[in-house]
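K.L.:
I am sharing work10.txt, which consists of compact mmCIF, C-alpha atoms:
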```txt
# COMPACT_ATOMS: atom_id res chain seq x y z
CA MET A 11 58.65 68.13 70.43
CA LYS A 12 57.31 65.60 67.97
CA LEU A 13 53.58 65.04 68.02
CA GLU A 14 51.99 61.79 66.83
CA GLU A 15 55.37 60.10 66.46
CA PHE A 16 53.97 56.58 66.14
CA ALA A 17 50.67 57.36 64.47
CA THR A 18 51.73 56.64 60.91
CA GLY A 19 52.09 53.02 59.92
CA SER A 20 50.35 50.35 57.97
CA SER A 21 50.19 47.52 60.47
CA PHE A 22 46.99 45.87 61.56
CA ILE A 23 47.11 47.74 64.89
CA HIS A 24 47.13 51.07 63.08
CA HIS A 25 43.97 50.13 61.23
CA LEU A 26 41.90 49.03 64.21
CA ASP A 27 38.87 51.05 65.25
CA PRO A 28 40.10 53.74 67.68
CA ARG A 29 37.03 53.23 69.89
CA GLY A 30 38.08 49.67 70.56
CA LYS A 31 41.64 50.79 71.21
CA VAL A 32 40.55 53.45 73.71
CA VAL A 33 38.38 50.95 75.59
CA ALA A 34 41.13 48.32 75.63
CA ALA A 35 43.76 50.85 76.77
CA ALA A 36 41.56 52.14 79.58
CA CYS A 37 40.75 48.60 80.76
CA PHE A 38 44.38 47.50 80.61
CA SER A 39 45.73 50.57 82.45
CA GLY A 40 43.07 50.31 85.13
CA LEU A 41 43.61 46.62 85.81
CA VAL A 42 47.39 46.70 85.72
CA SER A 43 47.59 49.71 88.00
CA LEU A 44 45.52 47.77 90.56
CA THR A 45 47.59 44.59 90.61
CA GLN A 46 49.98 44.01 93.48
CA SER A 47 51.65 40.87 92.17
CA LEU A 48 54.93 40.94 90.29
CA TYR A 49 54.00 37.81 88.30
CA ALA A 50 50.74 39.32 87.11
CA ALA A 51 52.56 42.51 86.20
CA LEU A 52 55.23 40.63 84.25
CA ALA A 53 52.62 38.59 82.41
CA ALA A 54 50.71 41.79 81.68
CA LEU A 55 53.87 43.35 80.27
CA ALA A 56 53.91 40.62 77.62
CA LEU A 57 50.64 41.87 76.07
CA PRO A 58 51.78 45.40 75.15
CA VAL A 59 55.19 44.07 74.09
CA MET A 60 53.34 41.83 71.64
CA LEU A 61 51.21 44.76 70.45
CA VAL A 62 54.26 46.95 69.94
CA ALA A 63 55.88 44.18 67.90
CA LEU A 64 52.70 43.74 65.85
CA ALA A 65 52.51 47.47 65.23
CA ARG A 66 56.10 47.34 63.92
CA LEU A 67 57.10 50.57 65.67
CA ASP A 68 60.57 51.98 65.26
CA PHE A 69 62.59 50.29 68.01
CA LYS A 70 65.06 53.12 68.59
CA ARG A 71 62.44 55.80 68.88
CA LEU A 72 60.39 53.55 71.15
CA MET A 73 63.33 53.09 73.50
CA THR A 74 64.04 56.82 73.55
CA ARG A 75 60.43 57.43 74.49
CA LEU A 76 60.54 54.83 77.25
CA ALA A 77 63.77 56.26 78.62
CA VAL A 78 62.24 59.73 78.82
CA VAL A 79 59.06 58.70 80.61
CA ASN A 80 60.90 56.41 83.04
CA GLY A 81 62.40 59.41 84.86
CA PHE A 82 59.93 59.21 87.70
CA ILE A 83 60.41 55.46 88.04
CA LEU A 84 64.17 55.92 88.19
CA PHE A 85 63.56 58.42 90.98
CA THR A 86 61.60 55.84 93.03
CA TRP A 87 64.61 53.50 92.80
CA PHE A 88 66.59 56.03 94.82
CA PHE A 89 64.52 55.57 97.95
CA ILE A 90 62.05 52.67 97.77
CA PRO A 91 64.70 49.89 98.19
CA PHE A 92 65.92 51.64 101.35
CA THR A 93 62.66 52.75 102.92
CA PHE A 94 60.35 49.80 102.22
CA PRO A 95 60.51 47.62 105.35
CA GLY A 96 61.79 44.07 104.95
CA GLU A 97 64.74 41.75 105.16
CA VAL A 98 68.14 43.44 104.76
CA ILE A 99 70.12 41.97 101.87
CA TYR A 100 72.93 44.46 101.48
CA SER A 101 74.27 47.49 103.33
CA ILE A 102 76.02 50.49 101.84
CA GLY A 103 77.38 52.43 104.79
CA PRO A 104 74.40 53.46 106.92
CA LEU A 105 71.86 52.52 104.24
CA ASP A 106 70.27 49.09 104.16
CA ILE A 107 68.81 47.65 100.99
CA HIS A 108 65.69 45.62 101.71
CA ARG A 109 64.65 42.63 99.64
CA GLU A 110 60.95 43.56 99.72
CA GLY A 111 61.86 47.10 98.77
CA VAL A 112 63.72 45.96 95.67
CA LEU A 113 60.79 43.71 94.72
CA TYR A 114 58.33 46.56 95.24
CA ALA A 115 60.43 48.90 93.08
CA CYS A 116 60.52 46.17 90.43
CA LEU A 117 56.74 45.85 90.62
CA LEU A 118 56.28 49.60 90.12
CA THR A 119 58.73 49.61 87.21
CA VAL A 120 57.08 46.69 85.43
CA LYS A 121 53.55 48.02 85.98
CA SER A 122 54.44 51.47 84.82
CA ASN A 123 56.24 50.30 81.68
CA ALA A 124 53.46 47.87 80.82
CA ILE A 125 50.94 50.71 80.90
CA ILE A 126 53.20 53.11 79.00
CA LEU A 127 53.80 50.53 76.27
CA ALA A 128 50.08 49.80 76.05
CA LEU A 129 49.37 53.51 75.65
CA ILE A 130 51.97 53.78 72.90
CA ALA A 131 50.73 50.65 71.13
CA LEU A 132 47.03 51.48 71.40
CA LEU A 133 46.56 55.25 71.59
CA GLY A 134 49.86 56.33 70.06
CA THR A 135 49.11 54.41 66.87
CA SER A 136 46.03 56.45 66.00
CA PRO A 137 46.11 60.10 64.94
CA VAL A 138 45.09 62.27 67.92
CA LEU A 139 42.00 63.57 66.15
CA ASP A 140 40.82 59.98 65.62
CA VAL A 141 41.19 59.32 69.34
CA VAL A 142 39.23 62.49 70.08
CA HIS A 143 36.56 61.41 67.60
CA ALA A 144 36.43 58.02 69.32
CA LEU A 145 35.93 59.75 72.67
CA SER A 146 32.90 61.57 71.32
CA HIS A 147 31.39 58.19 70.44
CA LEU A 148 32.19 56.84 73.89
CA GLY A 149 30.01 59.34 75.71
CA VAL A 150 32.52 62.05 76.61
CA PRO A 151 30.61 65.38 76.90
CA ASP A 152 30.42 67.51 73.74
CA LYS A 153 32.07 70.53 75.30
CA LEU A 154 35.07 68.52 76.41
CA VAL A 155 35.46 66.93 72.97
CA HIS A 156 35.31 70.38 71.35
CA LEU A 157 37.97 71.62 73.75
CA PHE A 158 40.20 68.67 72.81
CA PHE A 159 39.60 69.27 69.14
CA PHE A 160 40.40 72.99 69.15
CA CYS A 161 43.30 72.57 71.52
CA PHE A 162 45.00 69.98 69.34
CA ARG A 163 44.07 71.68 66.08
CA TYR A 164 45.74 74.94 67.14
CA LEU A 165 48.65 73.44 69.06
CA HIS A 166 50.78 73.61 65.92
CA THR A 167 49.77 77.18 65.20
CA ILE A 168 50.61 78.33 68.70
CA ARG A 169 53.91 76.48 68.55
CA GLU A 170 54.75 78.44 65.44
CA GLU A 171 53.91 81.64 67.27
CA TYR A 172 56.23 80.53 70.04
CA HIS A 173 59.03 79.79 67.59
CA LYS A 174 58.60 83.21 66.02
CA LEU A 175 58.86 84.87 69.42
CA SER A 176 61.90 82.87 70.44
CA GLU A 177 63.60 83.62 67.12
CA ALA A 178 62.90 87.28 67.78
CA LEU A 179 64.58 86.91 71.17
CA LYS A 180 67.60 85.21 69.61
CA VAL A 181 67.94 87.92 66.97
CA ARG A 182 68.13 90.41 69.81
CA SER A 183 70.89 88.26 71.36
CA PHE A 184 68.89 87.13 74.35
CA ARG A 185 70.83 84.60 76.44
CA PRO A 186 68.90 82.91 79.21
CA GLY A 187 70.64 82.88 82.57
CA THR A 188 69.80 82.94 86.27
CA ASN A 189 68.77 86.56 86.56
CA LEU A 190 65.67 88.72 86.82
CA HIS A 191 66.05 89.93 83.26
CA THR A 192 65.63 86.35 82.00
CA TYR A 193 62.58 85.72 84.14
CA ARG A 194 60.97 88.98 83.09
CA THR A 195 61.65 88.18 79.43
CA TYR A 196 60.14 84.73 79.75
CA ALA A 197 57.15 86.16 81.59
CA TYR A 198 56.52 88.59 78.74
CA LEU A 199 57.02 85.77 76.26
CA VAL A 200 54.35 83.70 78.02
CA GLY A 201 52.11 86.75 78.26
CA MET A 202 52.50 87.40 74.54
CA LEU A 203 51.67 83.77 73.76
CA LEU A 204 48.49 84.07 75.84
CA VAL A 205 47.54 87.31 74.10
CA ARG A 206 48.12 85.83 70.65
CA SER A 207 46.08 82.75 71.56
CA PHE A 208 43.29 85.07 72.71
CA HIS A 209 43.31 87.07 69.47
CA ARG A 210 43.33 83.97 67.35
CA SER A 211 40.51 82.38 69.31
CA GLN A 212 38.38 85.46 68.69
CA ARG A 213 39.05 85.19 64.99
CA ILE A 214 38.15 81.49 65.09
CA LEU A 215 34.90 82.20 66.89
CA GLU A 216 33.98 84.89 64.37
CA ALA A 217 34.77 82.56 61.48
CA LEU A 218 32.69 79.81 63.07
CA LYS A 219 29.77 82.18 63.59
CA CYS A 220 29.95 83.38 59.98
CA ARG A 221 29.51 79.80 58.94
CA GLY A 222 26.50 79.30 61.19
CA PHE A 223 28.21 77.31 63.95
CA SER A 224 25.68 76.32 66.58
CA GLY A 225 27.85 74.32 68.94
CA ARG A 226 27.79 71.11 66.97
CA PHE A 227 30.23 69.38 64.69
CA TYR A 228 28.72 67.17 62.05
CA ILE A 229 30.73 64.03 61.69
CA LEU A 230 30.97 62.88 58.09
CA HIS A 231 33.12 59.83 58.54
CA HIS A 232 31.67 57.20 60.86
CA TYR A 233 33.59 54.33 62.32
CA GLN A 234 32.54 50.83 61.50
CA MET A 235 33.37 48.07 63.95
CA LYS A 236 34.55 45.14 61.84
CA ARG A 237 34.94 41.58 62.98
CA ARG A 238 38.61 42.06 63.80
CA ASP A 239 37.69 45.10 65.91
CA TYR A 240 35.18 43.11 67.95
CA LEU A 241 37.71 40.31 68.32
CA PHE A 242 40.50 42.68 69.34
CA THR A 243 38.40 44.67 71.80
CA SER A 244 37.06 41.56 73.51
CA CYS A 245 40.60 40.15 73.79
CA GLY A 246 41.70 43.51 75.13
CA LEU A 247 39.04 43.32 77.80
CA VAL A 248 39.28 39.66 78.73
CA LEU A 249 43.03 38.93 78.66
CA PRO A 250 44.13 41.54 81.21
CA CYS A 251 41.24 40.51 83.52
CA LEU A 252 42.33 36.87 83.33
CA LEU A 253 45.95 37.76 83.98
CA VAL A 254 45.25 39.96 86.93
CA VAL A 255 42.72 37.64 88.52
CA PHE A 256 44.59 34.37 88.12
CA LEU A 257 48.11 35.54 88.84
CA ALA A 258 47.26 37.95 91.67
CA MET B 14 54.22 67.18 88.50
CA HIS B 15 53.45 63.98 86.69
CA ILE B 16 53.22 60.78 88.68
CA SER B 17 53.85 57.73 86.53
CA GLU B 18 51.18 55.16 85.88
CA GLY B 19 51.23 52.12 88.10
CA VAL B 20 52.72 53.83 91.15
CA LEU B 21 49.73 55.09 93.13
CA ALA B 22 47.40 52.88 95.18
CA ALA B 23 43.85 52.21 94.03
CA PRO B 24 42.04 54.36 96.66
CA VAL B 25 44.18 57.39 95.76
CA LEU B 26 43.51 56.86 92.05
CA LEU B 27 39.77 56.47 92.61
CA ALA B 28 39.50 59.50 94.88
CA GLY B 29 41.47 61.55 92.35
CA ALA B 30 39.26 60.38 89.50
CA ALA B 31 36.08 61.22 91.42
CA LEU B 32 37.32 64.69 92.42
CA GLY B 33 38.63 65.36 88.93
CA LEU B 34 35.29 64.33 87.44
CA ALA B 35 33.37 66.62 89.80
CA GLY B 36 35.70 69.57 89.13
CA THR B 37 35.56 69.04 85.38
CA ALA B 38 31.76 68.83 85.48
CA ALA B 39 31.64 72.10 87.44
CA GLY B 40 34.03 73.73 84.98
CA LEU B 41 32.12 72.55 81.92
CA LYS B 42 28.88 73.85 83.40
CA LYS B 43 30.40 77.31 83.71
CA LEU B 44 31.76 77.16 80.16
CA ASP B 45 29.58 78.60 77.38
CA TYR B 46 29.83 77.19 73.86
CA ASP B 47 31.01 80.60 72.67
CA ARG B 48 34.04 80.41 74.93
CA ILE B 49 35.24 77.00 73.82
CA PRO B 50 37.78 78.24 71.24
CA GLN B 51 39.20 80.73 73.73
CA VAL B 52 39.64 78.19 76.49
CA ALA B 53 41.03 75.58 74.09
CA LEU B 54 43.60 77.98 72.67
CA LEU B 55 44.57 79.17 76.12
CA ALA B 56 45.12 75.53 77.08
CA ALA B 57 47.20 75.07 73.93
CA ALA B 58 49.24 78.18 74.75
CA SER B 59 49.93 76.96 78.28
CA PHE B 60 50.83 73.55 76.85
CA VAL B 61 53.39 75.14 74.53
CA ALA B 62 54.64 77.46 77.29
CA SER B 63 55.18 74.52 79.63
CA PHE B 64 57.94 73.36 77.28
CA ILE B 65 59.95 76.51 77.93
CA HIS B 66 62.92 75.61 80.08
CA VAL B 67 63.86 78.38 82.45
CA PRO B 68 67.45 78.22 83.67
CA ILE B 69 68.17 78.25 87.39
CA GLY B 70 71.83 77.91 88.26
CA PRO B 71 73.27 74.94 86.35
CA ALA B 72 69.87 73.23 85.96
CA SER B 73 66.65 74.29 84.32
CA VAL B 74 63.00 73.85 85.20
CA HIS B 75 59.92 73.89 83.03
CA LEU B 76 56.98 76.13 83.74
CA VAL B 77 53.77 74.87 85.33
CA LEU B 78 51.62 78.00 84.92
CA ASN B 79 48.61 76.65 86.81
CA GLY B 80 48.45 79.81 88.93
CA ILE B 81 47.90 82.18 86.03
CA LEU B 82 45.54 79.70 84.34
CA GLY B 83 43.47 79.56 87.52
CA VAL B 84 43.19 83.35 87.75
CA MET B 85 42.06 83.60 84.15
CA LEU B 86 39.79 80.58 84.04
CA GLY B 87 38.38 79.93 87.52
CA TRP B 88 36.64 76.57 87.60
CA VAL B 89 37.16 76.19 83.85
CA ALA B 90 40.80 75.50 84.75
CA PHE B 91 39.69 71.92 85.46
CA PRO B 92 38.68 71.01 81.90
CA ALA B 93 41.53 73.12 80.47
CA ILE B 94 44.15 71.30 82.53
CA LEU B 95 42.46 67.94 81.90
CA ILE B 96 42.68 68.31 78.12
CA SER B 97 46.30 69.31 78.12
CA LEU B 98 47.15 66.38 80.42
CA PHE B 99 45.18 64.00 78.22
CA LEU B 100 46.98 65.22 75.13
CA GLN B 101 50.32 64.74 76.91
CA ALA B 102 49.29 61.23 77.90
CA ILE B 103 48.37 60.13 74.39
CA MET B 104 51.16 61.96 72.59
CA PHE B 105 54.12 61.57 74.95
CA GLN B 106 52.89 59.12 77.62
CA PHE B 107 53.65 61.64 80.37
CA GLY B 108 51.11 60.46 82.90
CA GLY B 109 48.39 58.21 81.61
CA LEU B 110 44.74 57.36 81.78
CA THR B 111 44.51 56.12 85.36
CA VAL B 112 46.46 58.99 86.92
CA LEU B 113 44.63 61.57 84.81
CA GLY B 114 42.15 62.35 87.58
CA VAL B 115 44.80 62.62 90.29
CA THR B 116 47.10 64.86 88.25
CA THR B 117 44.20 67.05 87.13
CA CYS B 118 43.22 67.60 90.76
CA ASN B 119 46.81 68.21 91.84
CA LEU B 120 47.16 71.01 89.30
CA ALA B 121 43.62 72.36 89.01
CA LEU B 122 42.58 72.52 92.68
CA PRO B 123 45.43 74.95 93.54
CA ALA B 124 44.51 76.90 90.41
CA VAL B 125 40.90 77.29 91.54
CA LEU B 126 42.00 78.17 95.07
CA GLY B 127 44.31 80.83 93.63
CA TYR B 128 41.38 82.21 91.65
CA TYR B 129 39.39 82.80 94.82
CA ALA B 130 42.28 83.81 97.07
CA PHE B 131 44.32 86.05 94.76
CA GLY B 132 42.01 86.85 91.82
CA PRO B 133 40.46 90.00 93.34
CA GLY B 134 43.87 91.21 94.52
CA ILE B 135 45.45 90.67 91.11
CA ARG B 136 42.68 92.63 89.41
CA SER B 137 43.11 95.48 91.92
CA SER B 138 44.17 98.83 90.49
CA LYS B 139 46.88 99.31 93.13
CA PRO B 140 50.14 98.14 91.53
CA ARG B 141 51.67 96.92 94.78
CA VAL B 142 48.67 94.81 95.81
CA SER B 143 48.45 93.36 92.33
CA ALA B 144 52.17 92.55 92.27
CA ILE B 145 52.13 90.83 95.67
CA CYS B 146 49.01 88.86 94.82
CA SER B 147 50.27 87.72 91.43
CA PHE B 148 53.61 86.60 92.83
CA SER B 149 51.85 84.70 95.63
CA CYS B 150 49.41 83.21 93.16
CA GLY B 151 52.18 81.58 91.12
CA PHE B 152 54.18 80.65 94.19
CA VAL B 153 51.28 79.14 96.16
CA ALA B 154 49.88 77.24 93.17
CA VAL B 155 53.14 75.33 92.71
CA LEU B 156 53.57 74.91 96.46
CA LEU B 157 50.11 73.38 96.81
CA SER B 158 50.54 71.22 93.72
CA SER B 159 53.81 69.78 94.93
CA LEU B 160 52.29 69.18 98.37
CA ALA B 161 49.39 67.42 96.67
CA VAL B 162 51.75 65.20 94.67
CA ALA B 163 53.65 64.41 97.87
CA GLY B 164 50.38 63.70 99.65
CA CYS B 165 49.27 61.24 96.98
CA LEU B 166 52.58 59.39 97.29
CA VAL B 167 52.49 59.26 101.09
CA LEU B 168 48.90 58.01 101.04
CA THR B 169 50.05 55.21 98.73
CA GLY B 170 52.64 53.94 101.19
CA ASP B 171 54.87 55.10 104.04
CA SER B 172 57.93 54.10 102.05
CA PHE B 173 57.28 57.12 99.81
CA TRP B 174 57.94 59.65 102.61
CA ALA B 175 61.54 60.25 101.54
CA GLY B 176 60.56 60.70 97.91
CA ALA B 177 57.65 62.97 98.79
CA LYS B 178 59.94 65.24 100.80
CA MET B 179 62.43 65.36 97.93
CA ILE B 180 59.69 66.35 95.50
CA VAL B 181 58.54 69.27 97.63
CA MET B 182 62.14 70.42 98.21
CA ALA B 183 62.95 70.18 94.50
CA HIS B 184 59.97 72.39 93.73
CA ILE B 185 61.03 75.25 96.01
CA PRO B 186 63.06 76.99 93.27
CA VAL B 187 60.21 76.32 90.85
CA MET B 188 57.85 78.14 93.23
CA PHE B 189 59.98 81.30 93.12
CA ILE B 190 60.38 81.17 89.36
CA GLU B 191 56.69 80.55 88.89
CA GLY B 192 55.98 83.50 91.19
CA PHE B 193 58.21 85.81 89.13
CA ILE B 194 56.80 84.55 85.85
CA THR B 195 53.21 85.01 87.05
CA LEU B 196 54.09 88.49 88.32
CA GLY B 197 55.63 89.48 84.98
CA CYS B 198 52.82 87.87 83.04
CA VAL B 199 50.12 89.73 84.95
CA ARG B 200 51.96 93.04 84.54
CA PHE B 201 52.27 92.39 80.83
CA LEU B 202 48.61 91.42 80.44
CA LYS B 203 47.50 94.47 82.44
CA LYS B 204 49.33 96.71 79.99
CA VAL B 205 48.55 94.87 76.78
CA LYS B 206 45.23 93.15 77.20
CA PRO B 207 43.67 93.88 80.58
CA GLU B 208 40.34 92.30 79.69
CA MET B 209 42.00 88.86 79.64
CA LEU B 210 42.29 89.02 83.42
CA GLU B 211 38.62 89.86 83.88
CA VAL B 212 37.40 86.26 83.78
CA VAL B 213 36.05 86.38 80.27
CA TYR B 214 36.55 82.66 79.85
CA GLY B 215 33.73 81.33 81.95
CA ARG B 216 30.73 82.50 83.91
CA ARG B 217 31.61 83.59 87.41
```
I need this file expressed as structure tokens, please.
P.N.:
Amino acid sequence: MKLEEFATGSSFIHHLDPRGKVVAAACFSGLVSLTQSLYAALAALALPVMLVALARLDFKRLMTRLAVVNGFILFTWFFIPFTFPGEVIYSIGPLDIHREGVLYACLLTVKSNAIILALIALLGTSPVLDVVHALSHLGVPDKLVHLFFFCFRYLHTIREEYHKLSEALKVRSFRPGTNLHTYRTYAYLVGMLLVRSFHRSQRILEALKCRGFSGRFYILHHYQMKRRDYLFTSCGLVLPCLLVVFLA
Amino acid sequence: MHISEGVLAAPVLLAGAALGLAGTAAGLKKLDYDRIPQVALLAAASFVASFIHVPIGPASVHLVLNGILGVMLGWVAFPAILISLFLQAIMFQFGGLTVLGVTTCNLALPAVLGYYAFGPGIRSSKPRVSAICSFSCGFVAVLLSSLAVAGCLVLTGDSFWAGAKMIVMAHIPVMFIEGFITLGCVRFLKKVKPEMLEVVYGRR
């Protein structure tokens, strides 16, 4: 599990204001998920492809990521071409492949990949804490932002706890299999993780209280929207709208 | 349990977003500032635990754990599940921004239902009642979640019927595993840290 795989880089995309990127990503995902036209979806796919190229992301890792998240889309290809009503173009035994079904599956694939690429290019290229910081500027409730912050901050710590526990299992020659012993062991492992997270959270709360925490984080570093940020955000808002409206 | 971006129809997405927003608002209202680190770390723990692959026959499944989260968190399960889904969306692109509401509801509504239906039974001092309730809690949470995912797909279009059925069928073994894991987890917590099951994470 690699976190923030694409967040380091020196391209112009990496240096954009995360607030603008969040707004553009939300607008793009929303509009593309609404479109029902294959042409609009294909044209929309061009935008994130361009962004990914501009961000100079590692091609191999990008493709691996896409392959992993396309599992669900691959699954739809197993039934949509057969069940979507339309003109029959090919028959395999009792199953008929429908032209409209194939087109619909294509539409879903293109839409989904366009949005995934946009998320990688826009949100994946900022460190997670920057995105969370941007959310706090965009009117997301304080409590939710704090939850995000603590959750991400301690994700690594809890992962280490998990690794320690699973090493301990390995040392005791635990071999997972399909039996009750395995399930019980995993249940206790999960239970132990929860208990450790609970203990640690109490220590965090005590430490926060010692330092006079009153439910507010003071932000020292403020974002500054530069000209390129305004330009990028407005393009990010206008281009997908144009595409979806004119090609729909 | 993730539905990819771009698959669901607009009304389903909007309804999911509205429900998810309402549930999250309710959860945040019940969440005191003092409890934020606890809830956040519990969400992080369940995030890490959901990467554990449990073998079943030749295949393996990953844990969902929304049942046990629901029992511990009540309505606060909504924000807790929302943050872990959001983190997955920005870090791994599993799910995304538009399906966030739908997926949150699919996982968190069964969790909250489990809290009301099985919570009192799980906390009961009779071992048998507690065992039955905790198994059912894990089992039913996954059952309802997979039905919800199937429902979202079917509402999007009739051509998804076959896929929706496959999803529910594929989750049947997950339901049993989740039941056993929840059962073991509750037994463990009752021995080691019983106060964690007493809804310390949010106001009732």
K.L.:
Work out how far apart CA of Asp47 in chain B and CA of Phe160 in chain A are and give it in Å to one decimal.
P.N.:
12.6 Å
K.L.:
Report as an mmCIF file with C-alpha atoms, in the coordinates of the input all protein, DNA and RNA residues lying within 9 Å of range 95-100 of chain B, evaluated on all atoms listed in the file, omitting residues in the same chain fewer than 5 positions from it.
P.N.:
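Written output follows (out12.cif):
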```cif
data_model
loop_
_atom_site.group_PDB
_atom_site.id
_atom_site.type_symbol
_atom_site.label_atom_id
_atom_site.label_comp_id
_atom_site.auth_asym_id
_atom_site.auth_seq_id
_atom_site.Cartn_x
_atom_site.Cartn_y
_atom_site.Cartn_z
ATOM 1 C CA VAL A 138 45.090 62.270 67.920
ATOM 2 C CA LEU A 154 35.070 68.520 76.410
ATOM 3 C CA VAL A 155 35.460 66.930 72.970
ATOM 4 C CA LEU A 157 37.970 71.620 73.750
ATOM 5 C CA PHE A 158 40.200 68.670 72.810
ATOM 6 C CA CYS A 161 43.300 72.570 71.520
ATOM 7 C CA PHE A 162 45.000 69.980 69.340
ATOM 8 C CA GLY B 33 38.630 65.360 88.930
ATOM 9 C CA THR B 37 35.560 69.040 85.380
ATOM 10 C CA ALA B 53 41.030 75.580 74.090
ATOM 11 C CA ALA B 56 45.120 75.530 77.080
ATOM 12 C CA ALA B 57 47.200 75.070 73.930
ATOM 13 C CA SER B 59 49.930 76.960 78.280
ATOM 14 C CA PHE B 60 50.830 73.550 76.850
ATOM 15 C CA ALA B 90 40.800 75.500 84.750
ATOM 16 C CA PHE B 105 54.120 61.570 74.950
ATOM 17 C CA GLN B 106 52.890 59.120 77.620
ATOM 18 C CA PHE B 107 53.650 61.640 80.370
ATOM 19 C CA GLY B 108 51.110 60.460 82.900
ATOM 20 C CA GLY B 109 48.390 58.210 81.610
ATOM 21 C CA LEU B 110 44.740 57.360 81.780
ATOM 22 C CA LEU B 113 44.630 61.570 84.810
ATOM 23 C CA GLY B 114 42.150 62.350 87.580
ATOM 24 C CA THR B 116 47.100 64.860 88.250
ATOM 25 C CA THR B 117 44.200 67.050 87.130
ATOM 26 C CA CYS B 118 43.220 67.600 90.760
ATOM 27 C CA ALA B 121 43.620 72.360 89.010
#
```
K.L.:
Determine, counting only C-alpha atoms, which protein, DNA and RNA residues have an atom within 12 Å of an atom of Arg213 in chain A; residues of the same chain fewer than 5 positions away are not included. Present the result as a PDB file with C-alpha atoms, in the frame of the given file.
P.N.:
```
ATOM      1  CA  ARG A 206      48.120  85.830  70.650  1.00  0.00           C
ATOM      2  CA  SER A 207      46.080  82.750  71.560  1.00  0.00           C
ATOM      3  CA  PHE A 208      43.290  85.070  72.710  1.00  0.00           C
ATOM      4  CA  LEU A 218      32.690  79.810  63.070  1.00  0.00           C
ATOM      5  CA  LYS A 219      29.770  82.180  63.590  1.00  0.00           C
ATOM      6  CA  CYS A 220      29.950  83.380  59.980  1.00  0.00           C
TER       7      CYS A 220
ATOM      8  CA  PRO B  50      37.780  78.240  71.240  1.00  0.00           C
ATOM      9  CA  GLN B  51      39.200  80.730  73.730  1.00  0.00           C
ATOM     10  CA  LEU B  54      43.600  77.980  72.670  1.00  0.00           C
TER      11      LEU B  54
END
```
K.L.:
Determine, counting all atoms listed in the file, which protein, DNA and RNA residues have an atom within 9 Å of an atom of Ile190 in chain B; residues of the same chain fewer than 6 positions away are not included. Present the result as a ChimeraX atom specification.
P.N.:
/A:193 /B:67,69,74,76,151-152
K.L.:
Write out the residues from the selection above, keeping C-alpha atoms, as a tab-separated table (two decimals), in the coordinates of the input.
P.N.:
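Result written to result07.tsv:
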```tsv
chain	number	residue	atom	x	y	z
A	193	TYR	CA	62.58	85.72	84.14
B	67	VAL	CA	63.86	78.38	82.45
B	69	ILE	CA	68.17	78.25	87.39
B	74	VAL	CA	63.00	73.85	85.20
B	76	LEU	CA	56.98	76.13	83.74
B	151	GLY	CA	52.18	81.58	91.12
B	152	PHE	CA	54.18	80.65	94.19
```
K.L.:
Of the candidates B:Leu166, B:Leu160, B:Ala144, B:Ile49, which one gets nearest to Ala23 in chain B if we count only C-alpha atoms?
P.N.:
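Of B:Leu166, B:Leu160, B:Ala144, B:Ile49, the one nearest Ala23 in chain B, counting only C-alpha atoms, is B:Leu166.
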K.L.:
Which is closer to chain A than all the others in B:Leu157, B:Ala22, B:Ala28, B:Val89, using only C-alpha atoms?
P.N.:
B:Ala22
K.L.:
Could you tell me which of B:Trp88, B:Phe148, B:Phe201, B:Phe64 comes closest to Tyr128 in chain B if we count all atoms listed in the file?
P.N.:
B:Trp88
K.L.:
Between B:Val52, B:Val162, B:Val167, B:Ala62, which is the closest to Phe91 in chain B once you count only C-alpha atoms?
P.N.:
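Nearest candidate to Phe91 in chain B out of B:Val52, B:Val162, B:Val167, B:Ala62: B:Val52.
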K.L.:
One decimal, in Å: what's the spacing between CA of Ala124 in chain B and CA of Ile81 in chain B?
P.N.:
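Separation between CA of Ala124 in chain B and CA of Ile81 in chain B: 7.7 Å.
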K.L.:
Residues at most 12 Å from Pro95 in chain A, counting all atoms listed in the file, excluding those fewer than 2 positions away in the same chain, as a VMD selection string?
P.N.:
(chain A and resid 89 to 93 97 to 99 106 to 114) or (chain B and resid 170 to 173)
K.L.:
Fewer than 4 positions away in the same chain doesn't count, so skip those; otherwise give me all residues within 6 Å of range 176-189 of chain B, counting only C-alpha atoms, as a ChimeraX atom specification.
P.N.:
/B:152,155,159,163
K.L.:
Can I get the selection written as a compact mmCIF listing (two decimals), keeping the file's coordinate frame, with C-alpha atoms?
P.N.:
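Below is the file part-v1.txt, written as the result:
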```txt
# COMPACT_ATOMS: atom_id res chain seq x y z
CA PHE B 152 54.18 80.65 94.19
CA VAL B 155 53.14 75.33 92.71
CA SER B 159 53.81 69.78 94.93
CA ALA B 163 53.65 64.41 97.87
```
K.L.:
What is the distance, in Å and to one decimal place, between CA of Leu48 in chain A and CA of Lys121 in chain A?
P.N.:
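CA of Lys121 in chain A lies 8.4 Å from CA of Leu48 in chain A.
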K.L.:
Here is a test: counting only C-alpha atoms, which residue of B:Ala30, B:Ala161, B:Tyr46, B:Lys203 is nearest to chain A?
P.N.:
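So, comparing all the options, the nearest one is B:Tyr46.
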K.L.:
Give the answer as one residue: which of B:Cys150, B:Val199, B:Leu168, B:Ile94 has the shortest atom-to-atom distance to chain A, using only C-alpha atoms?
P.N.:
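Nearest to chain A: B:Val199.
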K.L.:
May I have the centre and edge lengths, in Å to one decimal, of an axis-aligned box around the listed atoms of range 79-92 of chain B with 8 Å added to every side, as AutoDock Vina command-line options?
P.N.:
```
--center_x 42.6 --center_y 77.3 --center_z 85.4 --size_x 28.0 --size_y 28.6 --size_z 23.0
```
